[in-house]
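Participant: If it helps, the file is called model-v3.csv and holds CSV, C-alpha atoms:
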chain,number,residue,atom,x,y,z
A,810,MET,CA,-55.5,-21.4,10.6
A,811,ARG,CA,-52.1,-23.0,9.9
A,812,TYR,CA,-49.0,-21.6,11.7
A,813,ALA,CA,-45.4,-22.0,10.3
A,814,VAL,CA,-43.1,-23.9,12.6
A,815,VAL,CA,-39.8,-22.0,13.0
A,816,SER,CA,-36.9,-23.8,14.6
A,817,ASP,CA,-34.5,-22.3,17.1
A,818,ASN,CA,-31.7,-22.5,14.5
A,819,GLU,CA,-33.7,-20.6,12.0
A,820,ILE,CA,-34.5,-17.9,14.6
A,821,GLY,CA,-30.8,-17.7,15.4
A,822,ASP,CA,-29.9,-17.4,11.7
A,823,GLU,CA,-32.4,-14.7,11.2
A,824,LEU,CA,-31.1,-12.7,14.2
A,825,GLY,CA,-27.5,-13.2,13.0
A,826,TYR,CA,-28.5,-12.0,9.6
A,827,ARG,CA,-30.2,-8.9,11.0
A,828,SER,CA,-27.2,-8.2,13.2
A,829,ASN,CA,-24.7,-8.5,10.3
A,830,SER,CA,-26.9,-6.3,8.2
A,831,ILE,CA,-26.9,-3.6,10.9
A,832,ILE,CA,-23.1,-3.8,11.3
A,833,CYS,CA,-22.6,-3.6,7.5
A,834,SER,CA,-24.9,-0.5,7.4
A,835,LEU,CA,-22.8,1.1,10.1
A,836,VAL,CA,-19.7,0.4,8.0
A,837,ASP,CA,-21.4,2.1,5.0
A,838,ILE,CA,-22.2,5.2,7.1
A,839,LEU,CA,-18.7,5.5,8.4
A,840,THR,CA,-17.3,5.1,4.9
A,841,ILE,CA,-19.6,7.9,3.5
A,842,VAL,CA,-18.6,10.2,6.4
A,843,ARG,CA,-14.9,9.4,5.8
A,844,ARG,CA,-15.1,10.3,2.2
A,845,GLN,CA,-17.3,13.4,2.4
A,846,LYS,CA,-15.7,14.6,5.7
A,847,ALA,CA,-19.0,16.0,7.0
A,848,VAL,CA,-22.5,14.9,6.1
A,849,SER,CA,-26.1,15.2,7.4
A,850,ARG,CA,-28.5,12.4,8.4
A,851,SER,CA,-30.7,13.2,5.4
A,852,GLU,CA,-27.7,12.8,3.1
A,853,LEU,CA,-26.9,9.5,4.7
A,854,ALA,CA,-30.4,8.2,4.1
A,855,GLU,CA,-30.2,9.2,0.5
A,856,CYS,CA,-26.7,7.6,0.0
A,857,THR,CA,-27.5,4.4,1.9
A,858,GLY,CA,-31.1,3.8,0.9
A,859,LEU,CA,-32.0,3.4,4.6
A,860,SER,CA,-35.0,5.0,6.2
A,861,ARG,CA,-34.4,8.2,8.2
A,862,SER,CA,-35.3,6.4,11.4
A,863,ALA,CA,-32.8,3.6,10.6
A,864,VAL,CA,-30.1,6.2,9.9
A,865,SER,CA,-30.9,7.9,13.2
A,866,GLN,CA,-30.6,4.7,15.1
A,867,ARG,CA,-27.3,3.8,13.4
A,868,VAL,CA,-25.9,7.3,13.9
A,869,THR,CA,-26.8,7.2,17.6
A,870,GLN,CA,-24.9,3.9,18.0
A,871,LEU,CA,-21.8,5.5,16.3
A,872,LEU,CA,-22.1,8.6,18.4
A,873,ASP,CA,-22.3,6.5,21.6
A,874,ALA,CA,-19.3,4.5,20.5
A,875,GLY,CA,-17.3,7.7,20.1
A,876,LEU,CA,-16.6,7.1,16.4
A,877,LEU,CA,-18.7,10.1,15.2
A,878,VAL,CA,-19.3,13.5,16.5
A,879,GLU,CA,-21.8,16.2,15.6
A,880,GLY,CA,-20.4,19.4,14.1
A,881,ALA,CA,-21.7,22.5,12.4
A,882,VAL,CA,-25.3,23.0,11.3
A,883,GLY,CA,-25.8,22.1,7.7
A,884,GLY,CA,-27.4,24.2,5.0
A,885,PHE,CA,-31.1,24.8,4.8
A,886,THR,CA,-33.0,22.4,2.5
A,887,GLY,CA,-36.4,22.7,3.9
A,888,GLY,CA,-37.6,21.6,7.3
A,889,ARG,CA,-35.3,21.6,10.4
A,890,ARG,CA,-31.6,22.2,9.9
A,891,SER,CA,-29.5,19.2,10.9
A,892,ARG,CA,-26.1,19.0,12.4
A,893,LEU,CA,-23.3,17.6,10.2
A,894,LEU,CA,-21.6,14.4,11.3
A,895,ARG,CA,-17.9,13.8,11.1
A,896,LEU,CA,-15.4,11.3,12.3
A,897,ASN,CA,-14.2,11.8,15.9
A,898,ASN,CA,-10.5,12.2,15.4
A,899,ASP,CA,-10.0,12.2,19.2
A,900,TYR,CA,-11.1,8.6,19.2
A,901,GLY,CA,-7.5,7.6,18.4
A,902,GLN,CA,-4.7,7.6,15.9
A,903,LEU,CA,-3.1,5.0,13.7
A,904,LEU,CA,0.3,4.3,12.3
A,905,GLY,CA,1.7,3.4,8.9
A,906,VAL,CA,5.2,1.9,8.8
A,907,ASP,CA,7.1,1.5,5.5
A,908,LEU,CA,10.0,-0.7,6.1
A,909,GLY,CA,12.4,-0.7,3.2
A,910,ALA,CA,15.8,-2.3,2.4
A,911,THR,CA,17.8,0.6,3.9
A,912,SER,CA,15.3,2.9,5.8
A,913,VAL,CA,12.0,2.9,7.7
A,914,LEU,CA,9.4,5.7,7.3
A,915,ILE,CA,6.7,6.0,10.0
A,916,GLY,CA,3.6,8.1,9.7
A,917,LEU,CA,1.0,9.1,12.3
A,918,PHE,CA,-2.6,9.4,10.9
A,919,ASP,CA,-6.0,10.5,12.3
A,920,LEU,CA,-9.2,8.5,11.7
A,921,SER,CA,-9.8,10.5,8.5
A,922,GLY,CA,-6.6,9.2,7.0
A,923,THR,CA,-4.9,12.6,7.3
A,924,LEU,CA,-1.1,12.3,7.8
A,925,LEU,CA,-0.3,14.3,10.9
A,926,VAL,CA,3.5,13.8,11.1
A,927,SER,CA,6.2,11.4,9.9
A,928,THR,CA,9.7,10.4,10.8
A,929,GLU,CA,12.4,8.4,9.0
A,930,HIS,CA,15.7,6.8,9.9
A,931,SER,CA,18.1,4.3,8.2
A,932,VAL,CA,18.0,0.6,9.1
A,933,ASP,CA,20.0,-2.5,8.2
A,934,LEU,CA,17.8,-5.5,7.8
A,935,ALA,CA,20.8,-7.8,8.2
A,936,HIS,CA,20.8,-6.9,11.9
A,937,GLY,CA,17.8,-9.1,12.3
A,938,PRO,CA,14.1,-8.6,13.2
A,939,GLU,CA,14.4,-8.0,16.9
A,940,GLN,CA,16.9,-5.2,16.6
A,941,VAL,CA,15.2,-3.5,13.7
A,942,LEU,CA,11.7,-3.9,15.1
A,943,GLY,CA,13.0,-2.7,18.5
A,944,GLU,CA,14.2,0.5,16.8
A,945,ILE,CA,10.8,0.9,15.2
A,946,VAL,CA,9.0,0.5,18.6
A,947,GLN,CA,11.3,3.1,20.1
A,948,ASP,CA,10.5,5.5,17.3
A,949,VAL,CA,6.8,4.9,17.6
A,950,LYS,CA,6.7,5.5,21.3
A,951,GLU,CA,8.6,8.7,20.9
A,952,LEU,CA,6.3,9.8,18.2
A,953,LEU,CA,3.2,9.0,20.2
A,954,ARG,CA,4.6,10.8,23.3
A,955,ALA,CA,5.5,13.9,21.3
A,956,HIS,CA,2.0,14.2,19.8
A,957,GLN,CA,0.2,13.2,23.0
A,958,CYS,CA,-1.6,10.2,21.4
A,959,GLN,CA,-4.0,8.7,23.9
A,960,ARG,CA,-5.1,5.7,21.9
A,961,LEU,CA,-3.4,3.8,19.1
A,962,VAL,CA,-6.1,2.2,17.0
A,963,GLY,CA,-3.7,0.0,14.9
A,964,VAL,CA,-0.5,-0.3,13.0
A,965,GLY,CA,0.0,-1.2,9.4
A,966,VAL,CA,3.5,-2.3,8.2
A,967,GLY,CA,4.8,-2.8,4.7
A,968,VAL,CA,7.8,-5.1,4.4
A,969,PRO,CA,10.1,-5.9,1.4
A,970,GLY,CA,9.4,-9.6,1.1
A,971,PRO,CA,6.6,-12.2,0.5
A,972,VAL,CA,4.1,-12.1,3.3
A,973,ASP,CA,1.8,-14.7,4.9
A,974,GLN,CA,-0.8,-12.1,6.0
A,975,GLU,CA,-2.8,-14.3,8.2
A,976,ALA,CA,0.3,-15.5,10.1
A,977,GLY,CA,1.7,-11.9,10.1
A,978,MET,CA,5.2,-13.0,8.9
A,979,VAL,CA,7.4,-13.0,5.9
A,980,GLU,CA,8.2,-16.2,4.0
A,981,SER,CA,11.8,-16.7,2.6
A,982,PRO,CA,12.4,-13.0,1.9
A,983,PRO,CA,15.5,-12.7,-0.4
A,984,ILE,CA,16.7,-9.4,1.0
A,985,MET,CA,15.8,-10.0,4.7
A,986,PRO,CA,18.2,-12.6,6.1
A,987,GLY,CA,17.1,-14.0,9.4
A,988,TRP,CA,13.5,-12.8,9.0
A,989,HIS,CA,12.0,-16.0,7.6
A,990,GLN,CA,8.8,-16.8,9.6
A,991,PHE,CA,9.6,-14.3,12.3
A,992,PRO,CA,6.2,-13.3,13.9
A,993,ILE,CA,6.4,-9.6,13.0
A,994,ALA,CA,2.8,-8.8,13.6
A,995,HIS,CA,2.6,-10.6,17.0
A,996,TRP,CA,5.9,-9.3,18.2
A,997,LEU,CA,4.9,-5.7,17.5
A,998,GLN,CA,1.3,-6.2,18.8
A,999,GLN,CA,2.7,-7.4,22.2
A,1000,ARG,CA,4.8,-4.2,22.6
A,1001,LEU,CA,2.4,-1.6,21.1
A,1002,GLY,CA,-0.9,-3.0,22.5
A,1003,CYS,CA,-3.0,-2.8,19.4
A,1004,PRO,CA,-3.8,-4.7,16.2
A,1005,VAL,CA,-0.8,-4.9,13.8
A,1006,LEU,CA,-1.3,-5.8,10.1
A,1007,ILE,CA,1.6,-6.5,7.7
A,1008,ASP,CA,1.7,-6.8,3.9
A,1009,ASN,CA,4.2,-6.8,1.1
A,1010,ASP,CA,5.7,-3.3,0.5
A,1011,VAL,CA,4.5,-3.1,-3.1
A,1012,ASN,CA,0.9,-4.0,-2.1
A,1013,VAL,CA,1.0,-1.3,0.5
A,1014,MET,CA,2.4,1.2,-2.1
A,1015,ALA,CA,-0.5,0.3,-4.4
A,1016,LEU,CA,-2.9,1.1,-1.6
A,1017,GLY,CA,-1.2,4.4,-1.0
A,1018,GLU,CA,-1.4,5.3,-4.7
A,1019,ARG,CA,-5.1,4.4,-4.7
A,1020,VAL,CA,-5.7,6.8,-1.8
A,1021,VAL,CA,-4.0,9.7,-3.5
A,1022,ARG,CA,-5.6,9.1,-6.9
A,1023,LYS,CA,-9.1,8.5,-5.4
A,1024,HIS,CA,-11.5,7.8,-8.3
A,1025,ASP,CA,-8.8,7.4,-10.9
A,1026,ALA,CA,-7.6,4.1,-9.5
A,1027,GLU,CA,-10.1,1.3,-10.1
A,1028,ASP,CA,-7.9,-1.0,-12.2
A,1029,PHE,CA,-4.2,-0.4,-12.1
A,1030,VAL,CA,-0.8,-2.0,-11.5
A,1031,PHE,CA,1.8,-0.3,-9.3
A,1032,VAL,CA,5.3,-1.4,-10.3
A,1033,LYS,CA,8.1,-0.7,-7.8
A,1034,VAL,CA,11.6,-0.6,-9.2
A,1035,GLY,CA,14.0,-0.3,-6.4
A,1036,THR,CA,16.5,-2.7,-4.8
A,1037,GLY,CA,14.1,-5.3,-6.2
A,1038,ILE,CA,11.1,-5.3,-8.5
A,1039,GLY,CA,7.5,-6.1,-7.6
A,1040,ALA,CA,3.9,-5.1,-8.4
A,1041,GLY,CA,0.8,-4.3,-6.5
A,1042,ILE,CA,-2.4,-5.1,-8.3
A,1043,ILE,CA,-5.7,-3.1,-7.8
A,1044,LEU,CA,-8.7,-4.7,-9.6
A,1045,GLY,CA,-12.2,-3.1,-9.2
A,1046,GLY,CA,-10.8,-0.8,-6.6
A,1047,ARG,CA,-9.6,-3.6,-4.4
A,1048,LEU,CA,-6.1,-5.0,-3.8
A,1049,HIS,CA,-5.6,-8.4,-5.4
A,1050,ARG,CA,-3.3,-10.6,-3.3
A,1051,GLY,CA,-3.9,-14.0,-4.9
A,1052,LYS,CA,-4.6,-17.3,-3.1
A,1053,ASP,CA,-1.4,-17.2,-1.0
A,1054,GLY,CA,-0.7,-13.5,-1.0
A,1055,CYS,CA,2.1,-13.5,-3.6
A,1056,ALA,CA,0.2,-12.0,-6.6
A,1057,GLY,CA,2.3,-9.4,-8.4
A,1058,ASP,CA,5.7,-10.9,-7.8
A,1059,ILE,CA,6.8,-9.9,-11.3
A,1060,GLY,CA,10.5,-9.5,-10.4
A,1061,HIS,CA,10.9,-13.2,-11.3
A,1062,ILE,CA,9.4,-13.1,-14.7
A,1063,ALA,CA,12.1,-14.5,-17.0
A,1064,VAL,CA,13.0,-12.0,-19.8
A,1065,THR,CA,16.2,-13.5,-21.2
A,1066,GLU,CA,18.1,-16.8,-21.7
A,1067,LEU,CA,21.3,-15.2,-20.4
A,1068,ASP,CA,22.8,-17.0,-17.4
A,1069,ILE,CA,22.5,-14.1,-15.0
A,1070,ARG,CA,21.6,-15.4,-11.6
A,1071,CYS,CA,18.9,-13.7,-9.5
A,1072,THR,CA,18.5,-13.6,-5.7
A,1073,CYS,CA,15.8,-16.2,-6.0
A,1074,GLY,CA,18.4,-18.7,-7.3
A,1075,ARG,CA,17.1,-18.8,-10.9
A,1076,THR,CA,18.5,-17.1,-14.0
A,1077,GLY,CA,17.2,-14.5,-16.4
A,1078,CYS,CA,14.7,-12.8,-14.0
A,1079,VAL,CA,13.9,-9.2,-14.7
A,1080,GLU,CA,15.0,-8.2,-11.2
A,1081,ALA,CA,18.5,-9.5,-12.0
A,1082,LEU,CA,18.7,-7.2,-15.0
A,1083,ALA,CA,16.6,-4.1,-14.3
A,1084,SER,CA,16.4,-3.4,-10.6
A,1085,GLY,CA,18.4,-0.6,-8.9
A,1086,ALA,CA,20.9,-3.2,-7.6
A,1087,ALA,CA,21.3,-4.7,-11.1
A,1088,ILE,CA,21.8,-1.3,-12.7
A,1089,ALA,CA,24.5,-0.5,-10.2
A,1090,LYS,CA,26.2,-3.9,-10.6
A,1091,ILE,CA,26.3,-3.7,-14.4
A,1092,ALA,CA,27.5,-0.1,-14.3
A,1093,GLU,CA,30.4,-1.1,-12.0
A,1094,GLU,CA,31.4,-4.0,-14.2
A,1095,ARG,CA,31.3,-1.8,-17.3
A,1096,ALA,CA,33.2,1.1,-15.6
A,1097,ARG,CA,36.0,-1.3,-14.5
A,1098,SER,CA,36.4,-3.1,-17.8
A,1099,GLY,CA,35.7,-0.5,-20.5
A,1100,ASP,CA,37.1,2.8,-21.7
A,1101,PRO,CA,37.3,5.7,-19.2
A,1102,THR,CA,33.8,7.3,-18.9
A,1103,PHE,CA,32.0,9.6,-16.5
A,1104,LEU,CA,31.0,6.4,-14.7
A,1105,SER,CA,34.6,5.4,-14.3
A,1106,LYS,CA,35.4,8.7,-12.7
A,1107,VAL,CA,32.5,8.5,-10.2
A,1108,LEU,CA,33.5,4.9,-9.3
A,1109,VAL,CA,37.1,6.0,-8.6
A,1110,GLU,CA,35.8,8.9,-6.4
A,1111,ASN,CA,33.1,7.0,-4.5
A,1112,GLY,CA,34.3,3.4,-4.6
A,1113,ALA,CA,30.8,2.2,-5.8
A,1114,LEU,CA,28.0,3.2,-8.1
A,1115,THR,CA,24.3,3.6,-7.7
A,1116,ALA,CA,21.4,3.7,-10.2
A,1117,VAL,CA,21.2,7.5,-9.6
A,1118,ASP,CA,24.8,7.8,-10.6
A,1119,VAL,CA,24.0,6.0,-13.8
A,1120,GLY,CA,21.1,8.4,-14.4
A,1121,GLU,CA,23.4,11.4,-13.9
A,1122,ALA,CA,26.0,10.0,-16.2
A,1123,ALA,CA,23.3,9.5,-18.9
A,1124,ARG,CA,22.2,13.1,-18.5
A,1125,ARG,CA,25.8,14.1,-19.2
A,1126,GLY,CA,25.8,12.0,-22.4
A,1127,ASP,CA,27.8,9.0,-21.1
A,1128,HIS,CA,27.2,6.4,-23.8
A,1129,VAL,CA,27.8,3.4,-21.4
A,1130,ALA,CA,25.2,4.8,-18.9
A,1131,ILE,CA,22.7,5.4,-21.7
A,1132,GLU,CA,23.1,1.8,-22.9
A,1133,ILE,CA,22.6,0.5,-19.3
A,1134,ILE,CA,19.4,2.5,-18.9
A,1135,GLN,CA,18.1,1.4,-22.2
A,1136,GLY,CA,18.8,-2.2,-21.4
A,1137,SER,CA,17.1,-2.0,-18.0
A,1138,ALA,CA,14.1,-0.3,-19.5
A,1139,ARG,CA,13.8,-2.9,-22.2
A,1140,TYR,CA,13.8,-5.8,-19.8
A,1141,LEU,CA,11.3,-4.0,-17.4
A,1142,GLY,CA,9.1,-3.1,-20.4
A,1143,GLN,CA,9.0,-6.8,-21.4
A,1144,ALA,CA,7.9,-7.9,-17.9
A,1145,ILE,CA,5.3,-5.1,-17.6
A,1146,ALA,CA,3.9,-6.0,-21.1
A,1147,THR,CA,3.3,-9.5,-19.9
A,1148,VAL,CA,1.2,-8.1,-17.0
A,1149,VAL,CA,-0.6,-5.7,-19.3
A,1150,ASN,CA,-1.5,-8.5,-21.8
A,1151,CYS,CA,-2.8,-10.6,-18.9
A,1152,LEU,CA,-4.7,-8.0,-16.8
A,1153,ASN,CA,-5.5,-5.2,-19.3
A,1154,PRO,CA,-5.3,-2.4,-16.6
A,1155,SER,CA,-6.2,1.2,-17.5
A,1156,LEU,CA,-3.1,2.4,-15.7
A,1157,VAL,CA,0.5,1.3,-14.9
A,1158,VAL,CA,2.1,3.4,-12.1
A,1159,LEU,CA,5.9,3.3,-11.7
A,1160,GLY,CA,7.5,4.0,-8.4
A,1161,GLY,CA,10.6,3.3,-6.4
A,1162,GLY,CA,14.1,4.7,-6.3
A,1163,VAL,CA,15.1,3.8,-9.8
A,1164,LEU,CA,12.6,6.4,-11.1
A,1165,ASN,CA,15.0,9.0,-9.8
A,1166,ILE,CA,17.1,8.3,-12.9
A,1167,GLY,CA,14.9,10.7,-14.7
A,1168,ASP,CA,12.3,11.1,-17.5
A,1169,SER,CA,14.4,9.3,-20.0
A,1170,TYR,CA,14.0,6.0,-18.1
A,1171,LEU,CA,10.2,6.3,-17.9
A,1172,ALA,CA,10.0,7.2,-21.6
A,1173,ALA,CA,12.1,4.1,-22.5
A,1174,VAL,CA,9.9,1.8,-20.4
A,1175,ARG,CA,6.8,3.2,-22.0
A,1176,GLU,CA,8.3,2.6,-25.5
A,1177,TYR,CA,9.0,-1.1,-24.7
A,1178,VAL,CA,5.7,-1.7,-23.0
A,1179,TYR,CA,3.8,-0.5,-26.1
A,1180,LYS,CA,6.1,-2.5,-28.4
A,1181,ARG,CA,5.5,-5.8,-26.6
A,1182,SER,CA,1.8,-5.4,-25.6
A,1183,LEU,CA,-1.2,-6.2,-27.7
A,1184,PRO,CA,-2.8,-3.1,-29.4
A,1185,LEU,CA,-6.2,-3.7,-27.7
A,1186,ALA,CA,-4.5,-3.9,-24.3
A,1187,THR,CA,-2.8,-0.5,-24.8
A,1188,ARG,CA,-5.6,1.3,-26.5
A,1189,GLN,CA,-6.5,3.2,-23.3
A,1190,LEU,CA,-3.4,2.4,-21.2
A,1191,ARG,CA,-1.6,5.1,-19.4
A,1192,ILE,CA,1.9,4.7,-17.9
A,1193,GLN,CA,2.7,7.3,-15.3
A,1194,PRO,CA,5.1,8.0,-12.4
A,1195,SER,CA,3.6,7.6,-8.9
A,1196,LEU,CA,1.6,10.6,-7.6
A,1197,ALA,CA,2.2,9.5,-4.0
A,1198,GLY,CA,6.0,9.3,-4.5
A,1199,GLU,CA,8.1,8.4,-1.5
A,1200,MET,CA,5.0,8.6,0.8
A,1201,ALA,CA,3.1,5.8,-1.1
A,1202,GLY,CA,4.2,3.1,1.3
A,1203,VAL,CA,3.4,4.9,4.5
A,1204,ILE,CA,0.1,6.2,3.2
A,1205,GLY,CA,-0.8,2.7,2.1
A,1206,ALA,CA,0.1,1.2,5.5
A,1207,GLY,CA,-2.2,3.7,7.1
A,1208,SER,CA,-4.9,2.7,4.7
A,1209,LEU,CA,-4.4,-0.9,5.6
A,1210,VAL,CA,-5.3,-0.1,9.2
A,1211,LEU,CA,-8.3,2.1,8.3
A,1212,GLU,CA,-9.8,-0.7,6.2
A,1213,HIS,CA,-9.3,-3.1,9.1
A,1214,THR,CA,-10.8,-0.6,11.6
A,1215,PHE,CA,-13.8,0.1,9.6
A,1216,ASN,CA,-14.7,-3.4,8.4
A,1217,CYS,CA,-17.7,-5.4,9.7
A,1218,GLU,CA,-15.7,-7.8,11.9
A,1219,THR,CA,-13.8,-5.1,13.8
A,1220,LEU,CA,-16.8,-2.8,14.1
A,1221,ALA,CA,-18.9,-5.6,15.6
A,1222,LYS,CA,-16.4,-5.7,18.5
A,1223,ILE,CA,-16.6,-1.9,19.0
A,1224,ILE,CA,-20.4,-1.5,18.8
A,1225,VAL,CA,-21.9,-3.4,21.7
Is it possible to express this structure as structure tokens?
Facilitator:
Amino acid sequence: MRYAVVSDNEIGDELGYRSNSIICSLVDILTIVRRQKAVSRSELAECTGLSRSAVSQRVTQLLDAGLLVEGAVGGFTGGRRSRLLRLNNDYGQLLGVDLGATSVLIGLFDLSGTLLVSTEHSVDLAHGPEQVLGEIVQDVKELLRAHQCQRLVGVGVGVPGPVDQEAGMVESPPIMPGWHQFPIAHWLQQRLGCPVLIDNDVNVMALGERVVRKHDAEDFVFVKVGTGIGAGIILGGRLHRGKDGCAGDIGHIAVTELDIRCTCGRTGCVEALASGAAIAKIAEERARSGDPTFLSKVLVENGALTAVDVGEAARRGDHVAIEIIQGSARYLGQAIATVVNCLNPSLVVLGGGVLNIGDSYLAAVREYVYKRSLPLATRQLRIQPSLAGEMAGVIGAGSLVLEHTFNCETLAKIIV
């Protein structure tokens, strides 16, 4: 009889494979429980394809780790009634932080991803990272104290600039002076004592929209039109960041030959023509140089104009405001059409403060996207406002932490 000779390395590889397989099956079980809220062992076996004994072993590991708890008895399907399993929300909470150009929104979530409470305050990014992040830490500690949080599992942060996710810092952010390569994640982690993940704010908003839309969000592009313009891309249900994390930076697509300078230093970018800041700037120039209009009156009263002022003026029939909105929508539609022709998403979601202008703006963007896109690319395309609204960023930041907490690498450290 001949025996196979197995090396120590092969034995190690086999043991490693089995270990990884077990961890991945634990992740699968947790994902199913998260989505269904409560589930029996027999249902887990059916969903995962694991044997009942394997499911029982995995469930025991998760119960011992404190991630799952047994709840009510399930319905009778023949045989012994089994207790339903659910996530143990007493295991800990997590935080989502949406840091914007002028404000920060912080949300406290349980392990199921349910938003428990949120708080918001204004910020000035020009004050620098240590002051702004120090204010955030203070808010977080007050929030945790008020809600008697015993364990903080992790913190997700969305920031308005290009992000090096591995390093946990922003790279040359146009609207964040003094923040270049500041170690945001490390700085917060030292003070909060838990993992901190950061990502670009629009990526985080796309994740939040995916959470809210659930199964209606496999292939879509989330376009934020606020102080700047950017996009978060979801392909096959997963966030597409690109090789260096800057996928979706559509604000710097050139849409005109006009010598209009953008914050990036180039000219003709859609952000310089269609963002909230651009709309306000163009409106002020027109109000000062043209015939008296409703915009002129608001400028005199307030000393400045906003994109929302332009929207209100358009609703009142102000011809200058209507022209500005149409121009902004045309340039934005051109940029989005480029994305639609390249990616062929089923859905484009528009979010950000500029959408507060009103339905006329959204309708105008739709018109220009369909004009500039290929017929096949728009055959099933929907263009809709965000369902998550102002909460998209904070929900997405919380989702960022949940994905990290329930991945194979993190779970391997928890299950011993």
Participant: Which distance in Å separates CA of Gly1112 in chain A and CA of Gly1099 in chain A, to one decimal?
Facilitator: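 Interatomic distance, CA of Gly1112 in chain A to CA of Gly1099 in chain A: 16.4 Å.
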Participant: Please, which residues in range 1115-1222 of chain A fall within 9 Å of range 829-844 of chain A when counting only C-alpha atoms, and what is the closest atom pair and distance in Å to one decimal for each, ordered by chain then residue number, as CSV?
Facilitator:
residue,atom,partner,partner_atom,distance
A:Phe1215,CA,A:Val836,CA,6.1
A:Asn1216,CA,A:Val836,CA,6.3
A:Cys1217,CA,A:Cys833,CA,5.7
A:Glu1218,CA,A:Ile832,CA,8.4
A:Leu1220,CA,A:Ile832,CA,7.0
A:Ala1221,CA,A:Ile832,CA,6.3
Participant: Taking a cut-off of 12 Å and counting only C-alpha atoms, can you build a table that, for each residue of range 1107-1172 of chain A near range 1196-1200 of chain A, reports the nearest atom pair and how far apart they are in Å (one decimal), sorted by chain then residue number, as JSON lines?
Facilitator:
{"residue": "A:Val1157", "atom": "CA", "partner": "A:Leu1196", "partner_atom": "CA", "distance": 11.9}
{"residue": "A:Val1158", "atom": "CA", "partner": "A:Leu1196", "partner_atom": "CA", "distance": 8.5}
{"residue": "A:Leu1159", "atom": "CA", "partner": "A:Gly1198", "partner_atom": "CA", "distance": 9.4}
{"residue": "A:Gly1160", "atom": "CA", "partner": "A:Gly1198", "partner_atom": "CA", "distance": 6.7}
{"residue": "A:Gly1161", "atom": "CA", "partner": "A:Glu1199", "partner_atom": "CA", "distance": 7.5}
{"residue": "A:Gly1162", "atom": "CA", "partner": "A:Glu1199", "partner_atom": "CA", "distance": 8.5}
{"residue": "A:Val1163", "atom": "CA", "partner": "A:Glu1199", "partner_atom": "CA", "distance": 11.8}
{"residue": "A:Leu1164", "atom": "CA", "partner": "A:Gly1198", "partner_atom": "CA", "distance": 9.8}
{"residue": "A:Asn1165", "atom": "CA", "partner": "A:Gly1198", "partner_atom": "CA", "distance": 10.4}
Participant: Name the closest residue to Arg1022 in chain A among the candidates A:Gly875, A:Gly1046, A:Asp933, A:Leu893; distances are taken between atoms, counting only C-alpha atoms.
Facilitator: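 When distances to Arg1022 in chain A are compared using only C-alpha atoms, the smallest one comes from A:Gly1046.
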Participant: CA of Arg1124 in chain A and CA of Leu1082 in chain A are how many Å apart?
Facilitator: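 Taking CA of Arg1124 in chain A and CA of Leu1082 in chain A, their separation equals 20.9 Å.
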Participant: Quick one: residues within 8 Å of Ala1040 in chain A, all atoms listed in the file counted, chain neighbours fewer than 4 positions away excluded, as a PDB file with C-alpha atoms, in the coordinates of the input?
Facilitator:
ATOM      1  CA  VAL A1011       4.500  -3.100  -3.100  1.00  0.00           C
ATOM      2  CA  ASN A1012       0.900  -4.000  -2.100  1.00  0.00           C
ATOM      3  CA  VAL A1030      -0.800  -2.000 -11.500  1.00  0.00           C
ATOM      4  CA  PHE A1031       1.800  -0.300  -9.300  1.00  0.00           C
ATOM      5  CA  VAL A1032       5.300  -1.400 -10.300  1.00  0.00           C
ATOM      6  CA  LYS A1033       8.100  -0.700  -7.800  1.00  0.00           C
ATOM      7  CA  GLY A1057       2.300  -9.400  -8.400  1.00  0.00           C
ATOM      8  CA  ASP A1058       5.700 -10.900  -7.800  1.00  0.00           C
ATOM      9  CA  ILE A1059       6.800  -9.900 -11.300  1.00  0.00           C
TER      10      ILE A1059
END
Participant: Which residues of range 937-1010 of chain A come within 10 Å of range 1065-1078 of chain A, and for each one, what is the closest pair of atoms and their distance in Å to one decimal, counting only C-alpha atoms, sorted by chain and residue number, as CSV?
Facilitator:
residue,atom,partner,partner_atom,distance
A:Ser981,CA,A:Cys1073,CA,9.5
A:Pro982,CA,A:Cys1073,CA,9.2
A:Pro983,CA,A:Thr1072,CA,6.2
A:Ile984,CA,A:Thr1072,CA,8.1
Participant: Name all residues at most 12 Å from Arg1139 in chain A (count all atoms listed in the file; drop same-chain ones fewer than 5 positions away) and give them as a ChimeraX atom specification.
Facilitator: /A:1064-1065,1079,1082-1084,1132-1134,1144-1146,1170-1181
Participant: Could you name the residues that touch Leu1209 in chain A at 9 Å or less, counting all atoms listed in the file, but leaving out those on the same chain fewer than 6 positions away, as JSON, numbers by chain?
Facilitator: {"A": [905, 964, 965, 966, 1006, 1007, 1008, 1013, 1016]}
Participant: Distance CA of Gly970 in chain A-CA of Asp1010 in chain A, one decimal place?
Facilitator: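 One can read the CA of Gly970 in chain A to CA of Asp1010 in chain A distance as 7.3 Å.
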Participant: I'd like to know which of A:Val979, A:Leu924, A:Leu1104, A:Ile993 is closest to Arg1125 in chain A, using all atoms listed in the file.
Facilitator: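 Smallest distance to Arg1125 in chain A is found for A:Leu1104.
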